[in-house]
Amino acid sequence: MSQVEEQKAVLVQKIEKLEDRIKYLEALLEKNQIPFSKINQEQQSNQVEVESKLEQQQEKDQKGPLHTNLDDPLLTKDTIERYSRQMLLPEIKYKGQKLLQNSKVLIIGAGGIGAPAAYYISGMGVGTIGIIDHDNVEESNLHRQIIHNVERIGMNKALSAKLTIERFNHRVKVNTYQFQLTPENAQDIFSQYDIILDASDNPKTRYLVSDASVLAKKPLVSGSAIGWEGQLTVFNYKNGPCYRCLYPECPKAGSVKSCGEAGVVGMIPGIIGLLEAVECMKILIEAPQAKVLSQRMIIFDGYEGTFKAFRIRGPQKNCISCGENKTIKFVKDYDYDNFVGASCQAFTVKEHNFKNITWKEFVQEKEKGFSDQAEFIDVRPESQYDIVNIPLFKNIPYQDLQDLDENALSNLLGDKNKKIFIMCRRGNMSRLAGNDLFKKGYKDVYNVVGGINEYGRDFDQSVPFI
Ligand SMILES: Nc1ncnc2c1ncn2[C@@H]1O[C@H](COP(=O)(O)OP(=O)(O)OP(=O)(O)O)[C@@H](O)[C@H]1O
Ligand SMILES: [Zn+2]
C-alpha cells in the first residue's frame with residue numbers, strides 16, 4: 001500500500017467514525033432535548049468532551065430525587081447496559097466493572113495473539129489499552145489477526161487495531177506505539193500501565209518484556225502459539241516466577257521458530273489471545289477466589305483436542321531479574337543482543353565461510369550450464385516446499401540436514417568438492433545450512449540470497465509470497 005493510499009484509508013476510517021459519532025451525539029441531543037446551538041463552538045471540536053458533557057447532562061437530568069450507588073462518572077447508564085451481561089456475574093458486579101474501567105492494559109504486538117486479545121479486552125471495557133507494534137499488516141496475517149482487514153494491508157498494526165477498536169467500543173482509549181519495543185523505551189512505557197500482555201514472537205522481546213515487567217512491578221500475562229499448539233502462563237504475579245525463572249537460558253538456535261517459519265492454525269493464537277484476556281480480567285477485577293495462572297501453565301493442543309494445566313517452576317533465588325541478588329536494574333543497561341545472540345537467535349550467522357549468490361547470478365550461471373559437480377538443496381520444511389518450489393532444488397529440510405553425519409551427507413551429496421547451492425524461504429535458514437555444510441567439509445557452498453520470496457518478487461510474479 002502506498003503512503004497516499006495508507007493516508008486515504010486512515011481518513012476514510014476517520015470519516016466513518018465521525019459519522020457514527022455524529023449520529024450518536026444527535027441522538028443524545030434529541031433524547032435530552034438540548035438545542036444544538038447550546039453547545040459552544042470550542043467544545044464542538046472536541047468530541048470526547050462534548051460527549052462526556054452530554055452524558056453527564058443526561059445523567060443529571062435523569063437522576064431521581066434519591067441517591068443511587070452509581071458513583072463512577074465513567075460508568076454511565078449506556079456503559080452499564082453495554083457491559084451488563086458480564087456485570088451480572090457475582091465475581092464482577094459494579095465494583096469489578098469499575099476496576100476494569102479504571103485500568104490500563106499494555107499489549108506487546110498486535111499479531112496472532114495480540115489482535116484477538118486487544119479486541120476482547122476492549123470488549124470487556126478496560127479504560128485504556130496501549131498497543132505497541134512496529135510492523136505493518138500483511139496479507140498472510142489475515143487468516144488469524146482478525147482485528148485487521150484487507151484495506152489495512154501496509155498499515156501499521158497498532159494503528160489498524162486502534163481503528164477497529166474505536167468502531168467497536170469508542171469508550172476505550174487506545175494509545176498506539178507505532179515502533180519497536182526496545183530496552184531504551186520499555187521501562188518508560190510499562191510504567192504507564194497496570195498489566196502487561198506479551199503477544200510478541202521472538203525471544204529477545206520476551207526477555208525484555210519480562211525484565212521490564214519485573215522492574216515496573218507489573219503482572220505479565222504471556223502466551224505463545226505455533227502449529228496446532230499454544231501455551232499460556234502469568235509471570236510476576238504476587239511473588240510468582242518471572243520468565244527468566246522458567247527459562248534462565250534461551251532455547252538453542254534453530255529450535256526457536258516463528259509462525260512465519262513453522263506455520264500456525266489461525267484459531268490457536270486466537271484461543272491463546274482470548275485466554276490471555278481472561279487472565280487479564282481475573283487480575284484486574286481482583287477476584288479473591290480466582291485462580292490466576294501464576295506458577296501454572298496451560299498447554300492447548302488443537303490437533304489432539306486437549307487442554308493440560310500443570311505446575312511450573314517457582315521463583316528462583318538466583319534469577320538475575322527477580323532473584324535475591326538480581327543484577328538487572330535497568331533494561332537499557334542489559335545486552336539483550338548478546339544474551340540472545342549467544343544462544344537463541346535462530347538465524348544469526350555472524351561468521352560464515354559459504355559464498356552468497358544472487359538469483360540473477362544464479363540464473364546467469366545456469367544459462368552457462370552447470371557441470372554435474374553441483375547439487376541444489378532447498379532446506380525449507382517439507383510443507384513450505386510443497387506449496388511452491390523450484391524442482392531443480394531437492395528438499396532436504398534444515399532439521400534433517402543438521403542430523404546427518406558426514407557419511408550420510410556424502411551418500412546424499414557425493415563428492416565434497418561439488419558446488420552446493422542452498423536456498424530457503426528468505427535466505428536465513430540457508431545461511432545456517434551453509435555454515436553447517438562448510439563445517440562438515442564442503443568448501444564450495446553457495447547461499448542463494450533472499451530465498452524463494454526474493455525469486456518470486458524479482459523474477460516470477462506467480463510465486464506466492466509466503
Ligand atoms: N519488540 C517488538 N516491539 C513491537 N512489536 C513486536 C516486537 N516483537 C514482536 N512484535 C510484534 O508482535 C507480533 C507477533 O505476531 P505474530 O506472532 O502473529 O507474527 P507476525 O510477525 O505477525 O506474523 P508472521 O510470523 O506470520 O510473519 C508482530 O506483529 C510483531 O511485529
Ligand atoms: Zn525471575
# chains A, B, ... in the order shown; residues from 1 in each chain; ligands from 1
>>> select_by_dssp(residues="segment 394-430 of chain A", states="helix (DSSP H, G or I)", output="MDAnalysis selection string")
chainID A and resid 398:403 406:413 429:430
>>> residues_around(residues="Thr358 of chain A", least_positions_apart="3", cutoff="9 Å", atoms="only C-alpha atoms", output="PDB file with N, CA, C and O atoms, in the first residue's frame")
ATOM      1  N   GLU A 361      22.630 -13.798 -10.529  1.00  0.00           N
ATOM      2  CA  GLU A 361      23.895 -14.504 -10.825  1.00  0.00           C
ATOM      3  C   GLU A 361      23.632 -15.996 -11.021  1.00  0.00           C
ATOM      4  O   GLU A 361      24.218 -16.626 -11.898  1.00  0.00           O
ATOM      5  N   PHE A 362      22.718 -16.529 -10.207  1.00  0.00           N
ATOM      6  CA  PHE A 362      22.413 -17.950 -10.297  1.00  0.00           C
ATOM      7  C   PHE A 362      21.842 -18.277 -11.680  1.00  0.00           C
ATOM      8  O   PHE A 362      22.250 -19.245 -12.324  1.00  0.00           O
ATOM      9  N   VAL A 363      20.909 -17.426 -12.126  1.00  0.00           N
ATOM     10  CA  VAL A 363      20.275 -17.672 -13.433  1.00  0.00           C
ATOM     11  C   VAL A 363      21.332 -17.571 -14.538  1.00  0.00           C
ATOM     12  O   VAL A 363      21.368 -18.405 -15.460  1.00  0.00           O
ATOM     13  N   ASN A 447      25.067 -19.727  -0.797  1.00  0.00           N
ATOM     14  CA  ASN A 447      23.753 -19.403  -0.237  1.00  0.00           C
ATOM     15  C   ASN A 447      23.025 -18.517  -1.252  1.00  0.00           C
ATOM     16  O   ASN A 447      23.518 -17.464  -1.645  1.00  0.00           O
ATOM     17  N   VAL A 448      21.846 -18.966  -1.711  1.00  0.00           N
ATOM     18  CA  VAL A 448      21.100 -18.154  -2.682  1.00  0.00           C
ATOM     19  C   VAL A 448      20.345 -17.074  -1.893  1.00  0.00           C
ATOM     20  O   VAL A 448      19.402 -17.372  -1.153  1.00  0.00           O
ATOM     21  N   VAL A 449      20.783 -15.844  -2.078  1.00  0.00           N
ATOM     22  CA  VAL A 449      20.322 -14.734  -1.240  1.00  0.00           C
ATOM     23  C   VAL A 449      18.819 -14.462  -1.449  1.00  0.00           C
ATOM     24  O   VAL A 449      18.335 -14.395  -2.570  1.00  0.00           O
ATOM     25  N   GLY A 450      18.107 -14.332  -0.325  1.00  0.00           N
ATOM     26  CA  GLY A 450      16.697 -13.903  -0.387  1.00  0.00           C
ATOM     27  C   GLY A 450      15.697 -15.025  -0.571  1.00  0.00           C
ATOM     28  O   GLY A 450      14.487 -14.808  -0.469  1.00  0.00           O
TER      29      GLY A 450
END
>>> residues_around(residues="segment 131-144 of chain A", least_positions_apart="5", cutoff="7 Å", atoms="only C-alpha atoms", output="MDAnalysis selection string")
chainID A and resid 106:110 112 149 152:158 175:180 266:267 270
>>> atom_distance(atom1="atom CA of Arg296 of chain A", atom2="atom CA of Ile312 of chain A")
5.3 Å
>>> closest_residue(among="A:Leu75, A:Val340, A:Ile466, A:Val172", to="ligand 1", atoms="only C-alpha atoms and all ligand atoms")
A:Ile466
>>> select_by_dssp(residues="segment 19-266 of chain A", states="strand (DSSP E)", output="number ranges by chain")
A: 104-108, 128-132, 173-177, 195-198, 220-226, 229-235
